[in-house]
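So this block is start.txt, compact mmCIF, C-alpha atoms:
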# COMPACT_ATOMS: atom_id res chain seq x y z
CA MET A 1 0.00 0.00 0.00
CA ALA A 2 2.74 2.40 0.99
CA GLU A 3 4.47 1.95 -2.34
CA GLU A 4 1.21 2.58 -4.19
CA ASP A 5 0.73 5.76 -2.15
CA ASP A 6 4.27 6.87 -2.92
CA ASP A 7 3.57 6.48 -6.61
CA LEU A 8 0.31 8.40 -6.51
CA ILE A 9 0.32 11.35 -8.90
CA LEU A 10 -2.24 13.82 -7.60
CA ALA A 11 -2.56 15.61 -10.92
CA ASP A 12 -3.70 12.36 -12.55
CA LEU A 13 -6.68 12.03 -10.23
CA SER A 14 -10.14 13.23 -11.14
CA ASP A 15 -11.74 15.83 -8.88
CA ASP A 16 -13.85 13.12 -7.28
CA GLU A 17 -10.71 11.17 -6.43
CA LEU A 18 -8.48 14.10 -5.57
CA VAL A 19 -10.69 15.69 -2.90
CA PRO A 20 -10.93 12.56 -0.71
CA GLN A 21 -7.22 11.96 -1.30
CA MET A 22 -6.54 15.47 0.00
CA GLY A 23 -8.64 14.61 3.03
CA ASP A 24 -6.46 11.56 3.62
CA ASP A 25 -3.29 13.63 3.15
CA LEU A 26 -4.57 16.21 5.58
CA TYR A 27 -5.36 13.46 8.09
CA ASP A 28 -1.81 12.13 7.67
CA GLY A 29 -0.29 15.59 8.06
CA LEU A 30 1.26 15.66 4.57
CA LYS A 31 1.53 19.38 4.03
CA ASP A 32 3.36 19.32 0.69
CA GLU A 33 0.72 17.02 -0.77
CA VAL A 34 -2.12 19.17 0.58
CA ALA A 35 -0.56 22.29 -0.92
CA GLU A 36 -0.10 20.48 -4.22
CA GLY A 37 -3.75 19.40 -4.19
CA VAL A 38 -4.89 22.96 -3.56
CA ASN A 39 -2.85 24.23 -6.50
CA ILE A 40 -4.21 21.51 -8.79
CA LEU A 41 -7.82 22.39 -7.92
CA LEU A 42 -7.11 26.09 -8.46
CA GLU A 43 -5.69 25.28 -11.88
CA ARG A 44 -8.84 23.33 -12.64
CA GLY A 45 -10.91 26.40 -11.96
CA TRP A 46 -12.23 25.65 -8.48
CA THR A 47 -12.96 28.76 -6.45
CA PRO A 48 -10.77 29.21 -3.36
CA TYR A 49 -13.87 29.07 -1.17
CA ARG A 50 -14.94 25.73 -2.62
CA ILE A 51 -11.47 24.25 -2.10
CA LEU A 52 -11.42 25.56 1.46
CA THR A 53 -14.78 24.09 2.43
CA GLU A 54 -14.90 20.87 0.41
CA ALA A 55 -11.25 19.81 0.57
CA LEU A 56 -9.69 21.37 3.66
CA VAL A 57 -12.37 22.11 6.26
CA SER A 58 -14.18 18.84 5.64
CA GLY A 59 -10.88 16.97 6.08
CA MET A 60 -10.04 18.88 9.24
CA THR A 61 -13.51 18.16 10.60
CA VAL A 62 -12.75 14.44 10.38
CA VAL A 63 -9.50 15.09 12.26
CA GLY A 64 -11.40 17.04 14.91
CA ASN A 65 -14.02 14.32 15.31
CA ASP A 66 -11.36 11.62 15.65
CA PHE A 67 -9.52 13.72 18.23
CA ARG A 68 -12.75 14.15 20.20
CA ASP A 69 -13.36 10.39 20.01
CA GLY A 70 -9.88 9.48 21.21
CA ILE A 71 -8.74 8.04 17.87
CA LEU A 72 -6.22 10.79 17.19
CA PHE A 73 -4.05 12.59 19.71
CA VAL A 74 -2.51 16.05 19.89
CA PRO A 75 0.63 15.26 17.82
CA GLU A 76 -1.46 13.98 14.92
CA VAL A 77 -3.83 16.95 15.15
CA LEU A 78 -0.87 19.33 15.08
CA GLN A 79 0.53 17.66 11.99
CA ALA A 80 -2.87 17.83 10.29
CA ALA A 81 -3.18 21.49 11.31
CA ASN A 82 0.22 22.23 9.81
CA ALA A 83 -0.92 20.59 6.58
CA MET A 84 -4.12 22.64 6.58
CA LYS A 85 -2.07 25.77 7.26
CA ALA A 86 -0.03 25.03 4.12
CA GLY A 87 -3.23 24.90 2.08
CA MET A 88 -4.68 27.97 3.78
CA ALA A 89 -1.53 29.96 3.05
CA ILE A 90 -2.26 29.56 -0.66
CA LEU A 91 -5.98 30.23 -0.37
CA LYS A 92 -6.08 33.09 2.12
CA PRO A 93 -5.00 35.91 -0.22
CA LEU A 94 -7.32 34.56 -2.91
CA LEU A 95 -10.38 34.31 -0.67
CA ALA A 96 -10.64 38.07 -0.21
CA GLU A 97 -10.11 38.72 -3.92
CA THR A 98 -12.84 36.30 -4.95
CA GLY A 99 -15.50 37.61 -2.58
CA ALA A 100 -15.91 34.46 -0.50
CA PRO A 101 -18.83 34.68 1.95
CA ARG A 102 -17.85 36.02 5.37
CA MET A 103 -19.44 34.72 8.54
CA GLY A 104 -18.23 37.42 10.92
CA LYS A 105 -15.18 38.59 12.78
CA MET A 106 -13.39 37.29 15.85
CA VAL A 107 -10.69 38.70 18.09
CA ILE A 108 -8.88 35.93 19.93
CA GLY A 109 -5.97 35.66 22.35
CA THR A 110 -4.43 33.63 25.15
CA VAL A 111 -4.89 35.48 28.44
CA LYS A 112 -2.28 37.35 30.44
CA GLY A 113 0.26 35.15 32.19
CA ASP A 114 -0.26 32.27 29.79
CA ILE A 115 1.91 31.38 26.82
CA HIS A 116 0.03 28.29 25.64
CA ASP A 117 -1.43 28.70 22.20
CA ILE A 118 -1.92 25.32 20.56
CA GLY A 119 -5.67 25.24 21.24
CA LYS A 120 -6.07 28.92 20.47
CA ASN A 121 -4.25 28.50 17.16
CA LEU A 122 -6.44 25.54 16.21
CA VAL A 123 -9.57 27.55 16.97
CA ALA A 124 -8.27 30.50 14.96
CA MET A 125 -7.49 28.26 12.00
CA MET A 126 -10.84 26.48 12.07
CA MET A 127 -12.68 29.78 12.44
CA GLU A 128 -10.87 31.14 9.40
CA GLY A 129 -11.74 27.95 7.58
CA ALA A 130 -15.38 28.49 8.48
CA GLY A 131 -15.32 31.96 6.94
CA PHE A 132 -14.60 34.18 9.93
CA ASP A 133 -12.05 36.96 9.84
CA VAL A 134 -9.76 36.27 12.77
CA ILE A 135 -7.60 38.85 14.54
CA ASP A 136 -5.14 36.86 16.64
CA LEU A 137 -3.66 38.81 19.53
CA GLY A 138 -1.25 35.99 20.37
CA ILE A 139 -0.26 35.01 23.91
CA ASN A 140 -0.07 36.76 27.29
CA THR A 141 -2.83 39.20 26.33
CA ASP A 142 -3.83 41.76 28.94
CA VAL A 143 -7.19 43.46 29.32
CA ASP A 144 -6.04 46.65 27.60
CA GLU A 145 -4.95 44.69 24.54
CA TYR A 146 -8.30 42.88 24.38
CA LEU A 147 -10.29 46.07 24.78
CA GLY A 148 -8.12 47.96 22.32
CA ALA A 149 -8.65 45.26 19.72
CA LEU A 150 -12.43 45.24 20.34
CA GLU A 151 -12.58 48.97 19.78
CA LYS A 152 -10.38 48.91 16.71
CA GLU A 153 -11.70 45.77 15.01
CA GLN A 154 -15.37 45.84 16.09
CA PRO A 155 -15.62 42.02 15.93
CA ASP A 156 -18.71 39.93 16.54
CA ILE A 157 -16.83 37.60 18.87
CA LEU A 158 -14.17 37.79 21.56
CA GLY A 159 -12.38 34.48 22.17
CA MET A 160 -10.17 33.88 25.19
CA SER A 161 -8.01 30.86 25.89
CA ALA A 162 -6.09 29.63 28.95
CA LEU A 163 -4.30 26.40 29.76
CA LEU A 164 -3.45 27.07 33.37
CA THR A 165 -5.66 27.01 36.44
CA THR A 166 -3.71 30.04 37.60
CA THR A 167 -4.46 32.09 34.49
CA MET A 168 -8.06 31.17 33.69
CA PRO A 169 -9.51 33.62 36.27
CA TYR A 170 -8.09 36.45 34.15
CA MET A 171 -10.95 35.88 31.72
CA LYS A 172 -13.30 37.20 34.38
CA ILE A 173 -11.22 40.36 34.73
CA VAL A 174 -11.64 41.00 31.00
CA ILE A 175 -15.39 40.32 31.05
CA ASP A 176 -15.91 42.42 34.20
CA THR A 177 -13.99 45.29 32.61
CA MET A 178 -16.15 45.03 29.51
CA ALA A 179 -19.23 45.18 31.75
CA GLU A 180 -17.87 48.22 33.62
CA LYS A 181 -17.39 50.01 30.33
CA GLY A 182 -20.89 49.07 29.21
CA ILE A 183 -19.72 47.07 26.20
CA ARG A 184 -20.13 43.50 27.46
CA ASP A 185 -23.32 42.85 25.53
CA ASP A 186 -21.90 44.23 22.30
CA TYR A 187 -19.85 41.07 21.82
CA ILE A 188 -20.23 37.32 21.91
CA VAL A 189 -17.65 36.03 24.42
CA LEU A 190 -16.40 32.48 23.93
CA VAL A 191 -13.84 30.87 26.26
CA GLY A 192 -11.85 27.66 26.10
CA GLY A 193 -8.86 25.77 27.44
CA ALA A 194 -8.06 22.47 29.10
CA PRO A 195 -8.91 23.29 32.74
CA LEU A 196 -12.15 25.13 31.91
CA ASN A 197 -15.66 23.76 31.87
CA GLU A 198 -19.18 24.97 31.21
CA GLU A 199 -19.74 25.84 34.85
CA PHE A 200 -16.67 28.11 34.84
CA GLY A 201 -17.78 29.75 31.60
CA ARG A 202 -21.17 30.55 33.12
CA ALA A 203 -19.67 31.73 36.41
CA ILE A 204 -17.44 34.33 34.77
CA GLY A 205 -20.18 35.62 32.49
CA ALA A 206 -19.02 34.23 29.14
CA ASP A 207 -21.62 33.38 26.52
CA ALA A 208 -20.24 29.88 26.07
CA TYR A 209 -17.42 27.52 26.93
CA CYS A 210 -16.12 25.62 23.88
CA ARG A 211 -14.38 22.35 24.60
CA ASP A 212 -12.60 22.13 21.25
CA ALA A 213 -12.11 23.93 17.94
CA ALA A 214 -15.03 22.23 16.19
CA VAL A 215 -17.39 23.19 19.01
CA ALA A 216 -16.03 26.73 18.90
CA VAL A 217 -16.90 27.02 15.22
CA GLU A 218 -20.42 25.64 15.65
CA THR A 219 -21.03 27.81 18.71
CA ALA A 220 -19.74 30.90 16.93
CA LYS A 221 -21.95 30.24 13.91
CA ALA A 222 -25.02 29.74 16.11
CA PHE A 223 -24.43 32.91 18.14
CA VAL A 224 -23.69 35.03 15.07
CA ALA A 225 -26.82 33.75 13.32
CA ARG A 226 -28.85 34.58 16.43
CA LYS A 227 -27.30 38.06 16.58
CA HIS A 228 -28.11 38.71 12.93
CA ASN A 229 -31.67 37.46 13.40
CA ARG A 230 -32.09 39.81 16.36
CA MET A 231 -30.77 42.73 14.32
CA THR A 232 -33.12 41.86 11.44
CA ALA A 233 -36.09 41.55 13.79
CA GLY A 234 -35.13 44.74 15.63
CA MET B 1 8.88 1.04 53.01
CA ILE B 2 10.14 0.00 49.58
CA VAL B 3 9.15 2.41 46.87
CA PRO B 4 8.52 0.82 43.47
CA ILE B 5 10.41 1.86 40.39
CA ASP B 6 9.22 4.99 38.59
CA GLY B 7 7.54 3.08 35.78
CA ARG B 8 5.29 1.28 38.24
CA LEU B 9 4.56 4.51 40.13
CA ALA B 10 3.59 6.07 36.82
CA ARG B 11 1.12 3.38 35.86
CA ASN B 12 -0.10 1.85 39.13
CA GLY B 13 0.76 4.15 41.99
CA LEU B 14 1.42 2.61 45.39
CA PRO B 15 -1.02 0.88 47.78
CA ALA B 16 -1.34 1.96 51.40
CA ALA B 17 0.39 -0.19 54.02
CA GLY B 18 -2.43 0.41 56.55
CA ASN B 19 -0.19 0.86 59.58
CA ALA B 20 -0.52 4.48 60.72
CA ARG B 21 -3.03 7.09 61.96
CA THR B 22 -2.64 9.47 59.05
CA LEU B 23 -2.84 8.57 55.39
CA VAL B 24 -1.49 10.81 52.70
CA ILE B 25 -2.95 10.17 49.26
CA ALA B 26 -0.38 11.48 46.81
CA CYS B 27 0.56 11.65 43.18
CA GLY B 28 2.94 8.80 42.36
CA ALA B 29 5.49 11.41 41.30
CA LEU B 30 5.89 12.29 45.00
CA ALA B 31 6.38 8.75 46.33
CA HIS B 32 10.17 8.88 46.63
CA GLU B 33 10.14 12.30 48.24
CA ILE B 34 7.41 11.52 50.80
CA THR B 35 9.10 8.24 51.66
CA ALA B 36 12.40 10.08 52.13
CA LEU B 37 10.71 12.62 54.42
CA LYS B 38 9.16 9.81 56.47
CA ARG B 39 12.53 8.16 56.86
CA LEU B 40 14.43 11.38 57.62
CA ASN B 41 11.90 12.55 60.21
CA GLY B 42 10.98 9.17 61.68
CA TRP B 43 7.32 9.84 60.96
CA SER B 44 5.55 6.73 62.14
CA HIS B 45 2.20 8.56 62.10
CA LEU B 46 2.18 8.62 58.31
CA ASP B 47 1.12 6.04 55.76
CA LEU B 48 1.37 6.67 52.02
CA ALA B 49 -0.88 5.67 49.12
CA CYS B 50 -0.05 6.91 45.65
CA LEU B 51 -2.24 7.28 42.58
CA PRO B 52 -0.71 6.78 39.13
CA ALA B 53 1.81 9.50 38.39
CA ILE B 54 0.91 9.49 34.71
CA TRP B 55 -2.33 11.28 35.66
CA HIS B 56 -0.05 14.33 35.51
CA ASN B 57 -0.89 14.14 31.80
CA HIS B 58 -4.59 13.38 32.39
CA PRO B 59 -5.88 15.85 34.97
CA GLU B 60 -9.46 14.74 34.29
CA ARG B 61 -8.64 11.47 36.08
CA ILE B 62 -7.29 13.08 39.24
CA VAL B 63 -10.51 14.27 40.86
CA PRO B 64 -12.48 11.01 40.54
CA GLY B 65 -9.34 9.04 41.46
CA VAL B 66 -8.68 11.04 44.61
CA GLU B 67 -12.34 10.96 45.60
CA GLU B 68 -12.49 7.19 45.25
CA ALA B 69 -9.25 6.75 47.23
CA VAL B 70 -10.44 9.02 50.04
CA ARG B 71 -13.77 7.19 50.31
CA HIS B 72 -12.03 3.83 50.21
CA HIS B 73 -9.48 4.61 52.93
CA ARG B 74 -11.01 7.16 55.25
CA THR B 75 -12.57 4.79 57.77
CA ALA B 76 -9.20 3.13 58.43
CA TYR B 77 -7.39 6.36 59.39
CA ASP B 78 -7.88 9.26 61.80
CA THR B 79 -6.77 11.75 59.15
CA VAL B 80 -6.52 11.70 55.38
CA LEU B 81 -4.35 14.26 53.56
CA VAL B 82 -4.18 14.85 49.83
CA ALA B 83 -0.72 15.64 48.45
CA TYR B 84 -1.70 17.15 45.14
CA GLY B 85 -1.71 20.70 43.88
CA ASP B 86 -4.57 21.77 41.68
CA CYS B 87 -2.69 20.00 38.88
CA GLY B 88 -4.84 21.31 36.03
CA THR B 89 -8.19 20.36 37.55
CA GLY B 90 -9.45 23.92 37.30
CA GLY B 91 -10.26 24.15 41.01
CA LYS B 92 -12.27 20.92 41.00
CA LEU B 93 -9.84 19.04 43.24
CA ALA B 94 -10.02 21.73 45.92
CA GLN B 95 -13.84 21.67 45.73
CA THR B 96 -13.88 17.89 46.03
CA CYS B 97 -11.46 17.86 48.97
CA ALA B 98 -13.55 20.52 50.72
CA THR B 99 -16.69 18.45 50.18
CA LEU B 100 -14.95 15.35 51.48
CA GLY B 101 -13.54 17.27 54.46
CA VAL B 102 -9.90 16.43 53.71
CA GLU B 103 -6.98 18.81 53.44
CA MET B 104 -4.91 19.29 50.30
CA ILE B 105 -1.84 21.41 49.67
CA ALA B 106 -2.72 24.95 48.66
CA ALA B 107 -0.69 25.26 45.47
CA PRO B 108 -1.37 25.13 41.75
CA HIS B 109 1.04 22.24 41.21
CA CYS B 110 4.01 20.42 42.70
CA TYR B 111 6.43 22.90 41.13
CA ALA B 112 4.89 25.57 43.33
CA PHE B 113 4.91 23.63 46.58
CA TYR B 114 8.44 22.33 46.03
CA GLU B 115 9.71 25.86 45.58
CA GLY B 116 7.33 27.14 48.26
CA ALA B 117 3.95 28.37 47.05
CA ASP B 118 4.57 31.97 48.16
CA ARG B 119 8.00 32.08 46.62
CA PHE B 120 6.73 30.55 43.39
CA ALA B 121 3.91 33.08 43.17
CA ALA B 122 6.41 35.88 43.70
CA HIS B 123 7.89 35.52 40.22
CA PRO B 124 4.87 35.74 37.90
CA GLU B 125 7.20 37.09 35.23
CA GLU B 126 8.50 33.56 34.82
CA ILE B 127 5.64 32.58 32.54
CA ALA B 128 7.88 31.19 29.83
CA ALA B 129 9.52 28.58 32.06
CA PHE B 130 8.97 24.85 31.67
CA TYR B 131 9.55 23.05 34.96
CA LEU B 132 10.95 19.66 35.85
CA THR B 133 11.25 18.00 39.26
CA ASP B 134 13.51 15.08 40.17
CA PHE B 135 10.78 12.66 39.12
CA LEU B 136 10.04 14.43 35.85
CA ALA B 137 13.74 14.74 35.03
CA ARG B 138 14.06 10.97 35.42
CA GLN B 139 10.82 10.34 33.53
CA PHE B 140 11.12 13.03 30.87
CA ASP B 141 10.74 10.61 27.98
CA ALA B 142 7.72 8.83 29.46
CA PHE B 143 5.95 11.99 30.66
CA VAL B 144 6.91 14.62 28.09
CA TRP B 145 8.76 13.45 25.01
CA ARG B 146 6.72 10.41 24.00
CA PRO B 147 3.23 11.60 25.07
CA LEU B 148 3.73 14.75 22.97
CA GLY B 149 4.72 12.57 20.02
CA LEU B 150 8.19 14.13 19.84
CA ASP B 151 9.77 10.71 19.39
CA ARG B 152 7.79 10.34 16.16
CA CYS B 153 7.63 13.99 15.08
CA PRO B 154 10.53 15.94 16.59
CA GLU B 155 9.68 18.86 14.31
CA LEU B 156 6.66 19.55 16.53
CA VAL B 157 8.94 20.76 19.31
CA GLN B 158 8.51 24.30 18.02
CA SER B 159 4.71 24.00 18.09
CA TYR B 160 4.78 22.88 21.70
CA PHE B 161 7.69 24.81 23.14
CA GLY B 162 8.16 27.76 20.78
CA ASN B 163 6.80 30.20 23.35
CA TYR B 164 8.95 28.87 26.20
CA GLU B 165 12.32 30.42 26.95
CA LYS B 166 13.91 28.26 29.62
CA LEU B 167 13.67 24.95 31.40
CA VAL B 168 13.92 25.25 35.16
CA TYR B 169 14.89 22.08 37.00
CA LEU B 170 13.50 22.36 40.52
CA ALA B 171 15.83 19.92 42.23
CA GLN B 172 14.72 18.12 45.36
CA THR B 173 18.11 16.50 45.80
CA ARG B 174 21.73 17.17 44.88
CA ASP B 175 22.29 14.71 42.09
CA ARG B 176 24.86 15.34 39.36
CA ALA B 177 23.44 12.71 37.05
CA LEU B 178 19.93 14.19 37.27
CA ASN B 179 21.33 17.67 36.72
CA ALA B 180 23.00 16.44 33.53
CA ARG B 181 19.82 14.70 32.47
CA ALA B 182 17.70 17.81 33.03
CA ARG B 183 20.22 19.91 31.12
CA ASP B 184 19.93 17.45 28.24
CA CYS B 185 16.12 17.79 28.36
CA ALA B 186 16.52 21.56 27.97
CA THR B 187 18.78 21.06 24.97
CA ARG B 188 16.29 18.71 23.35
CA LEU B 189 13.51 21.28 23.80
CA GLY B 190 15.70 24.11 22.53
CA LEU B 191 15.50 25.98 25.84
CA THR B 192 18.08 27.58 28.10
CA TYR B 193 18.69 25.77 31.36
CA GLU B 194 18.50 26.69 35.00
CA ARG B 195 18.78 24.47 38.06
CA ARG B 196 17.17 25.62 41.29
CA LEU B 197 17.71 23.54 44.42
CA THR B 198 14.38 23.61 46.26
CA GLY B 199 14.54 20.61 48.56
CA TYR B 200 11.06 19.54 49.55
CA GLY B 201 9.55 23.02 49.92
CA ASP B 202 6.13 23.12 51.60
CA LEU B 203 5.79 19.34 51.67
CA PRO B 204 7.38 18.64 55.11
CA ALA B 205 5.18 21.18 56.91
CA PHE B 206 2.10 19.68 55.27
CA LEU B 207 2.99 16.13 56.29
CA ALA B 208 4.43 16.74 59.76
CA PRO B 209 2.47 15.41 62.76
CA ARG B 210 -0.06 17.90 64.14
CA ASP B 211 -1.41 18.18 67.63
I need this file expressed as structure tokens, please.
Amino acid sequence: MAEEDDDLILADLSDDELVPQMGDDLYDGLKDEVAEGVNILLERGWTPYRILTEALVSGMTVVGNDFRDGILFVPEVLQAANAMKAGMAILKPLLAETGAPRMGKMVIGTVKGDIHDIGKNLVAMMMEGAGFDVIDLGINTDVDEYLGALEKEQPDILGMSALLTTTMPYMKIVIDTMAEKGIRDDYIVLVGGAPLNEEFGRAIGADAYCRDAAVAVETAKAFVARKHNRMTAG
Amino acid sequence: MIVPIDGRLARNGLPAAGNARTLVIACGALAHEITALKRLNGWSHLDLACLPAIWHNHPERIVPGVEEAVRHHRTAYDTVLVAYGDCGTGGKLAQTCATLGVEMIAAPHCYAFYEGADRFAAHPEEIAAFYLTDFLARQFDAFVWRPLGLDRCPELVQSYFGNYEKLVYLAQTRDRALNARARDCATRLGLTYERRLTGYGDLPAFLAPRD
């Protein structure tokens, strides 16, 4: 089998064969192959948005589901994410040019005192894949940086991440500060990170706790749709 | 008391001997240190039961594991202590211990109570430090390198440790071989190295007999 795979020429595959093959390559973390597949589909006239959704996001969704179900572990997810990143790097500049549908905007960052960003980066990537514009503030983000980005970017969503029990309470400081300034309800606040849970999310006044990147995307879509419906009704 | 080898402490922990008034339920990564403190101080009041040290990588197992151990042992002892920090349980372990009426060490993790929780908290600027203890220096491959898949995909080291700056080895004992091993761990992770001799920190005061 391995030899057959080694001999596989992606350009010789039909679209119907190439897209699932790209899903397999993504699953196996083969970034060069994923990038090659993206370029082939572009040459065949696929729109960047179609490649993103049908070839990359659908493949990454399988990875996410298998991670949730304990079939894949963090190293494999990271390799798959790196492969998706390689494909996204080609598509990202083209998506804006081709008028791909936008779902909304998110500002995201790991909270002050915390340098862990694997989960945050996965969320940012999957949100971009789902059509959100993502402004990534990086790690060790303090309340002023969050609030400054909210004012400047006017996103729909604020995402905060923490890996440490000692840093997760900082999320409450950010939310309380937003409330003090009267802007809390202007944004959807999503939180995530290994030591968090739904109870904590509720207790600090977030709109939702998201246990993984796939849940973050679905939650974000649901909240944004609700927000738009409210605006339409209002 | 004979302490099992690290591999067994990682997977199975250590059963209680059942011969004292106070039981400390501890992470298996503390077995050698607590046994050493018992021996050094002649603490006959103290019995030790350890839960699998590998739960360090699975914090979701700690709370139910500790709760079950406390319920299982509490009738046989006057006092039950829990030698864990929060260890990534998001405050759940402290809540559970409070509900069960048993005392645990007030610290986020063993790094903090080995250095002294107050002292550890006094350098919040050290957010880019990755810590090892004696146990973790010995068990680096089993607890860090292999579980993170770095044996299979060493290129992921940047994804995991790119934001870290230094590895701090919090040494419980003076051990040249462990110092060299910890230094090698830092090299493998691409981090600068610092050794800090902590001894046992807050652990002796927590375990000492009380009136």
| request: Show which residues sit within 10 Å of Ala11 of chain A, as a count of residues only. Count all atoms listed in the file, and ignore same-chain residues fewer than 3 positions away. | output: 9
| field | Interface, chain A side, toward chain B (7 Å; all atoms listed in the file) as a list in words | value |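 Selected residues: Pro75, Gly113, Asp114, Ile115, Leu164, Thr165, Thr166, Pro195 and Leu196 of chain A.
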| task | Please identify all polymer residues within 12 Å of Leu30 of chain A, counting all atoms listed in the file, omitting same-chain residues fewer than 6 positions from it, and present them as a ChimeraX atom specification. | result | /A:5-6,21-24,36-37,76-87
| message | Applying 12 Å and only C-alpha atoms, which residues near Leu94 of chain A remain after dropping the ones on its own chain fewer than 3 positions away? List them as a PyMOL selection string. | response | chain A and resi 38-39+42+46-52+87-91+97-100
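The spacing separating atom CA of Gly65 of chain B from atom CA of Tyr111 of chain B amounts to 21.0 Å.
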| said: Between atom CA of Gln172 of chain B and atom CA of Thr133 of chain B, what distance in Å does the model show, to one decimal? | reply: 7.0 Å
| query | Out of B:Met104, B:Leu132, B:Ala76, B:Cys50, which residue has the shortest atom-to-atom distance to Arg21 of chain B when counting all atoms listed in the file? | reply |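 Of B:Met104, B:Leu132, B:Ala76, B:Cys50, the one nearest Arg21 of chain B is B:Ala76, counting all atoms listed in the file.
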| request: For a cut-off of 8 Å around (-11.6, 43.3, 20.5), file coordinates, pick out all residues using only C-alpha atoms and list them as a ChimeraX atom specification. | output: /A:106-108,145-155,157-158
| task | Please measure the separation of atom CA of Lys31 of chain A and atom CA of Gly64 of chain A, giving the value in Å to one decimal. | result | 17.1 Å
| field | Near-Ala83 of chain B list (7 Å; only C-alpha atoms; drop same-chain fewer than 2 positions) as a list in words | value | Val24, Ile25, Ala26, Cys27, Leu81, Gly85, Met104 and Ile105 of chain B
Could you give me, as JSON lines, a per-residue list for segment 115-188 of chain A showing, wherever an atom lies at most 12 Å from an atom of segment 54-58 of chain A, the closest pair of atoms and their distance in Å to one decimal, using all atoms listed in the file and sorting by chain then residue number from low to high?
{"residue": "A:Met125", "atom": "CA", "partner": "A:Val57", "partner_atom": "CA", "distance": 9.7}
{"residue": "A:Met126", "atom": "CA", "partner": "A:Val57", "partner_atom": "CA", "distance": 7.4}
{"residue": "A:Met127", "atom": "CA", "partner": "A:Val57", "partner_atom": "CA", "distance": 9.9}
{"residue": "A:Glu128", "atom": "CA", "partner": "A:Val57", "partner_atom": "CA", "distance": 9.7}
{"residue": "A:Gly129", "atom": "CA", "partner": "A:Val57", "partner_atom": "CA", "distance": 6.0}
{"residue": "A:Ala130", "atom": "CA", "partner": "A:Val57", "partner_atom": "CA", "distance": 7.4}
{"residue": "A:Gly131", "atom": "CA", "partner": "A:Val57", "partner_atom": "CA", "distance": 10.3}
Find the spatial neighbours of Lys172 of chain A, counting only C-alpha atoms, within a cut-off of 10 Å - ignore same-chain residues fewer than 4 positions away - and output them as a PDB file with C-alpha atoms, in the frame of the given file.
ATOM      1  CA  MET A 168      -8.060  31.170  33.690  1.00  0.00           C
ATOM      2  CA  ASP A 176     -15.910  42.420  34.200  1.00  0.00           C
ATOM      3  CA  THR A 177     -13.990  45.290  32.610  1.00  0.00           C
ATOM      4  CA  MET A 178     -16.150  45.030  29.510  1.00  0.00           C
ATOM      5  CA  PHE A 200     -16.670  28.110  34.840  1.00  0.00           C
ATOM      6  CA  GLY A 201     -17.780  29.750  31.600  1.00  0.00           C
ATOM      7  CA  ALA A 203     -19.670  31.730  36.410  1.00  0.00           C
ATOM      8  CA  ILE A 204     -17.440  34.330  34.770  1.00  0.00           C
ATOM      9  CA  GLY A 205     -20.180  35.620  32.490  1.00  0.00           C
ATOM     10  CA  ALA A 206     -19.020  34.230  29.140  1.00  0.00           C
TER      11      ALA A 206
END
| field | Nearest residue to Arg188 of chain B from the set B:Val157, B:Lys166, B:Thr173, B:Phe206 (distances using only C-alpha atoms) | value | B:Val157
